[in-house]
Amino acid sequence: MIINLGEVVLFESEADGKTRSPLYGERAIEDAELICFDNPNVSRPYEISIELPEFTCLCPFSGYPDFAVIRLTYQPNLKILELKALKLYVNSFRNRTISHEEAANRILDDLVTSCRPKWIELEADFNPRGNVHMVLRISHGEKQHI
């Protein structure tokens, strides 16, 4: 049976009545790509700060989930990051087995490739595990005075 709830379509098994995957959110995350739009004021240097408090990935050694707050600060050049696309892109890491360092560097590299900011800094503040707390800070470009 198919249940249509506007844009949401749920697939129900005739046998057990349970909703089947992939759900619309899973499909959106799977199809995620970074999207940018034109900077409305390229003549003025300014900063954009974004916080993504629910970052997750999987530890490549234990397979346990790692949790972090990702903080982005950037000075746009010609393009601005679209927030929903950024959210879906970051959520695509949730089932990925990847180290903290690789995750932070991959995210920064993808952001630089997609929107080519004048300057960008990423801070990945990982939740403590086993009495160890790690914060990674990486940047690209040259920060302009504002």
# chains A, B, ... in the order shown; residues from 1 in each chain; ligands from 1

$ closest_atom_pairs --of "region 63-127 of chain A" --to "region 22-33 of chain A" --cutoff "7 Å" --atoms "only C-alpha atoms" --output "tab-separated table"
residue	atom	partner	partner_atom	distance
A:Ala85	CA	A:Glu33	CA	6.3
A:Leu88	CA	A:Ile29	CA	5.1
A:Tyr89	CA	A:Ala32	CA	5.1
A:Asn91	CA	A:Ile29	CA	6.4
A:Ser92	CA	A:Ile29	CA	5.5

$ select_by_dssp --residues "chain A" --states "alpha helix (DSSP H)" --output "ChimeraX atom specification"
/A:24-30,83-91,100-115

$ write_last_selection --atoms "C-alpha atoms" --output "PDB file, in the first residue's frame"
ATOM      1  CA  TYR A  24      12.071  10.955   2.230  1.00  0.00           C
ATOM      2  CA  GLY A  25      14.673  12.327   4.677  1.00  0.00           C
ATOM      3  CA  GLU A  26      17.074   9.490   3.918  1.00  0.00           C
ATOM      4  CA  ARG A  27      16.625  10.104   0.190  1.00  0.00           C
ATOM      5  CA  ALA A  28      17.253  13.843   0.620  1.00  0.00           C
ATOM      6  CA  ILE A  29      20.458  13.176   2.566  1.00  0.00           C
ATOM      7  CA  GLU A  30      21.625  10.590   0.033  1.00  0.00           C
ATOM      8  CA  LEU A  83      21.708  26.543   4.372  1.00  0.00           C
ATOM      9  CA  LYS A  84      19.343  23.626   3.707  1.00  0.00           C
ATOM     10  CA  ALA A  85      21.795  22.114   1.238  1.00  0.00           C
ATOM     11  CA  LEU A  86      24.581  22.551   3.801  1.00  0.00           C
ATOM     12  CA  LYS A  87      22.469  20.822   6.470  1.00  0.00           C
ATOM     13  CA  LEU A  88      21.747  17.846   4.211  1.00  0.00           C
ATOM     14  CA  TYR A  89      25.407  17.618   3.138  1.00  0.00           C
ATOM     15  CA  VAL A  90      26.601  17.588   6.764  1.00  0.00           C
ATOM     16  CA  ASN A  91      23.958  14.973   7.646  1.00  0.00           C
ATOM     17  CA  HIS A 100      37.665  13.460  13.063  1.00  0.00           C
ATOM     18  CA  GLU A 101      40.564  14.928  11.109  1.00  0.00           C
ATOM     19  CA  GLU A 102      39.461  13.530   7.762  1.00  0.00           C
ATOM     20  CA  ALA A 103      35.848  14.630   8.290  1.00  0.00           C
ATOM     21  CA  ALA A 104      36.807  18.221   9.141  1.00  0.00           C
ATOM     22  CA  ASN A 105      39.260  18.500   6.247  1.00  0.00           C
ATOM     23  CA  ARG A 106      36.861  16.925   3.749  1.00  0.00           C
ATOM     24  CA  ILE A 107      34.051  19.284   4.753  1.00  0.00           C
ATOM     25  CA  LEU A 108      36.336  22.315   4.457  1.00  0.00           C
ATOM     26  CA  ASP A 109      37.685  21.158   1.074  1.00  0.00           C
ATOM     27  CA  ASP A 110      34.152  20.629  -0.265  1.00  0.00           C
ATOM     28  CA  LEU A 111      33.036  24.066   0.985  1.00  0.00           C
ATOM     29  CA  VAL A 112      36.042  25.748  -0.637  1.00  0.00           C
ATOM     30  CA  THR A 113      35.382  23.924  -3.910  1.00  0.00           C
ATOM     31  CA  SER A 114      31.673  24.788  -3.955  1.00  0.00           C
ATOM     32  CA  CYS A 115      31.617  28.474  -2.985  1.00  0.00           C
TER      33      CYS A 115
END

$ residues_around --residues "Glu51 (chain A)" --least-positions-apart "3" --cutoff "9 Å" --atoms "only C-alpha atoms" --output "ChimeraX atom specification"
/A:69-73

$ select_by_dssp --residues "region 9-99 of chain A" --states "strand (DSSP E)" --output "MDAnalysis selection string"
chainID A and resid 9:11 36:38 48:58 65:75 79:81

$ write_last_selection --atoms "N, CA and C atoms" --output "mmCIF file, in the first residue's frame"
data_model
loop_
_atom_site.group_PDB
_atom_site.id
_atom_site.type_symbol
_atom_site.label_atom_id
_atom_site.label_comp_id
_atom_site.auth_asym_id
_atom_site.auth_seq_id
_atom_site.Cartn_x
_atom_site.Cartn_y
_atom_site.Cartn_z
ATOM 1 N N VAL A 9 5.619 10.387 0.646
ATOM 2 C CA VAL A 9 4.995 9.135 0.264
ATOM 3 C C VAL A 9 5.604 8.035 1.121
ATOM 4 N N LEU A 10 4.773 7.323 1.880
ATOM 5 C CA LEU A 10 5.219 6.219 2.710
ATOM 6 C C LEU A 10 4.837 4.913 2.032
ATOM 7 N N PHE A 11 5.735 3.959 2.077
ATOM 8 C CA PHE A 11 5.466 2.647 1.508
ATOM 9 C C PHE A 11 5.199 1.692 2.654
ATOM 10 N N CYS A 36 25.089 26.852 -3.921
ATOM 11 C CA CYS A 36 25.437 28.240 -3.603
ATOM 12 C C CYS A 36 24.590 29.181 -4.445
ATOM 13 N N PHE A 37 24.472 30.412 -3.960
ATOM 14 C CA PHE A 37 23.772 31.438 -4.730
ATOM 15 C C PHE A 37 24.640 32.693 -4.738
ATOM 16 N N ASP A 38 24.284 33.646 -5.599
ATOM 17 C CA ASP A 38 25.109 34.850 -5.775
ATOM 18 C C ASP A 38 25.164 35.702 -4.510
ATOM 19 N N ILE A 48 30.036 35.453 7.631
ATOM 20 C CA ILE A 48 28.853 34.649 7.897
ATOM 21 C C ILE A 48 29.281 33.553 8.874
ATOM 22 N N SER A 49 28.529 33.393 9.938
ATOM 23 C CA SER A 49 28.795 32.332 10.918
ATOM 24 C C SER A 49 27.627 31.358 10.926
ATOM 25 N N ILE A 50 27.959 30.075 10.906
ATOM 26 C CA ILE A 50 26.951 29.016 10.887
ATOM 27 C C ILE A 50 27.357 27.976 11.924
ATOM 28 N N GLU A 51 26.390 27.519 12.712
ATOM 29 C CA GLU A 51 26.649 26.461 13.674
ATOM 30 C C GLU A 51 25.770 25.269 13.346
ATOM 31 N N LEU A 52 26.381 24.100 13.279
ATOM 32 C CA LEU A 52 25.689 22.843 13.011
ATOM 33 C C LEU A 52 25.917 21.950 14.233
ATOM 34 N N PRO A 53 24.974 21.968 15.211
ATOM 35 C CA PRO A 53 25.213 21.331 16.506
ATOM 36 C C PRO A 53 24.971 19.823 16.554
ATOM 37 N N GLU A 54 24.579 19.208 15.455
ATOM 38 C CA GLU A 54 24.226 17.790 15.507
ATOM 39 C C GLU A 54 25.033 16.938 14.542
ATOM 40 N N PHE A 55 26.311 17.286 14.322
ATOM 41 C CA PHE A 55 27.149 16.501 13.421
ATOM 42 C C PHE A 55 27.416 15.126 14.021
ATOM 43 N N THR A 56 27.304 14.092 13.199
ATOM 44 C CA THR A 56 27.667 12.736 13.622
ATOM 45 C C THR A 56 28.392 12.028 12.494
ATOM 46 N N CYS A 57 29.285 11.152 12.881
ATOM 47 C CA CYS A 57 29.956 10.233 11.975
ATOM 48 C C CYS A 57 30.305 8.995 12.796
ATOM 49 N N LEU A 58 30.928 8.013 12.172
ATOM 50 C CA LEU A 58 31.279 6.791 12.877
ATOM 51 C C LEU A 58 32.792 6.687 13.020
ATOM 52 N N PRO A 65 29.435 5.874 17.289
ATOM 53 C CA PRO A 65 29.164 7.208 16.751
ATOM 54 C C PRO A 65 29.991 8.280 17.469
ATOM 55 N N ASP A 66 30.438 9.244 16.700
ATOM 56 C CA ASP A 66 31.095 10.439 17.222
ATOM 57 C C ASP A 66 30.147 11.605 16.991
ATOM 58 N N PHE A 67 30.092 12.503 17.951
ATOM 59 C CA PHE A 67 29.200 13.661 17.880
ATOM 60 C C PHE A 67 30.033 14.931 17.979
ATOM 61 N N ALA A 68 29.637 15.957 17.225
ATOM 62 C CA ALA A 68 30.383 17.213 17.255
ATOM 63 C C ALA A 68 29.471 18.384 16.933
ATOM 64 N N VAL A 69 29.939 19.549 17.324
ATOM 65 C CA VAL A 69 29.366 20.810 16.876
ATOM 66 C C VAL A 69 30.325 21.340 15.818
ATOM 67 N N ILE A 70 29.806 21.593 14.621
ATOM 68 C CA ILE A 70 30.609 22.173 13.547
ATOM 69 C C ILE A 70 30.275 23.659 13.487
ATOM 70 N N ARG A 71 31.312 24.483 13.576
ATOM 71 C CA ARG A 71 31.137 25.937 13.462
ATOM 72 C C ARG A 71 31.895 26.417 12.234
ATOM 73 N N LEU A 72 31.182 27.122 11.375
ATOM 74 C CA LEU A 72 31.785 27.689 10.168
ATOM 75 C C LEU A 72 31.724 29.201 10.260
ATOM 76 N N THR A 73 32.805 29.831 9.919
ATOM 77 C CA THR A 73 32.823 31.278 9.746
ATOM 78 C C THR A 73 33.527 31.521 8.424
ATOM 79 N N TYR A 74 32.890 32.316 7.558
ATOM 80 C CA TYR A 74 33.539 32.581 6.277
ATOM 81 C C TYR A 74 33.213 33.969 5.763
ATOM 82 N N GLN A 75 34.110 34.451 4.916
ATOM 83 C CA GLN A 75 33.909 35.695 4.186
ATOM 84 C C GLN A 75 33.643 35.313 2.737
ATOM 85 N N LYS A 79 29.962 33.757 -4.112
ATOM 86 C CA LYS A 79 28.862 32.852 -3.801
ATOM 87 C C LYS A 79 28.642 32.713 -2.300
ATOM 88 N N ILE A 80 27.386 32.396 -1.930
ATOM 89 C CA ILE A 80 26.951 32.168 -0.551
ATOM 90 C C ILE A 80 26.439 30.730 -0.464
ATOM 91 N N LEU A 81 26.731 30.056 0.647
ATOM 92 C CA LEU A 81 26.225 28.700 0.865
ATOM 93 C C LEU A 81 24.727 28.722 1.174
#

$ atom_distance --atom1 "CA of Asn39 (chain A)" --atom2 "CA of Glu121 (chain A)"
18.4 Å

$ atom_distance --atom1 "CA of Lys118 (chain A)" --atom2 "CA of Asn41 (chain A)"
13.4 Å

$ closest_residue --among "A:Ser99, A:Asn127, A:Gln144, A:Ser139" --to "Glu47 (chain A)" --atoms "only C-alpha atoms"
A:Gln144

$ closest_residue --among "A:Arg116, A:His140, A:Arg96, A:Arg129" --to "Pro76 (chain A)" --atoms "only C-alpha atoms"
A:Arg116

$ atom_distance --atom1 "CA of Phe61 (chain A)" --atom2 "CA of Ile98 (chain A)"
9.1 Å
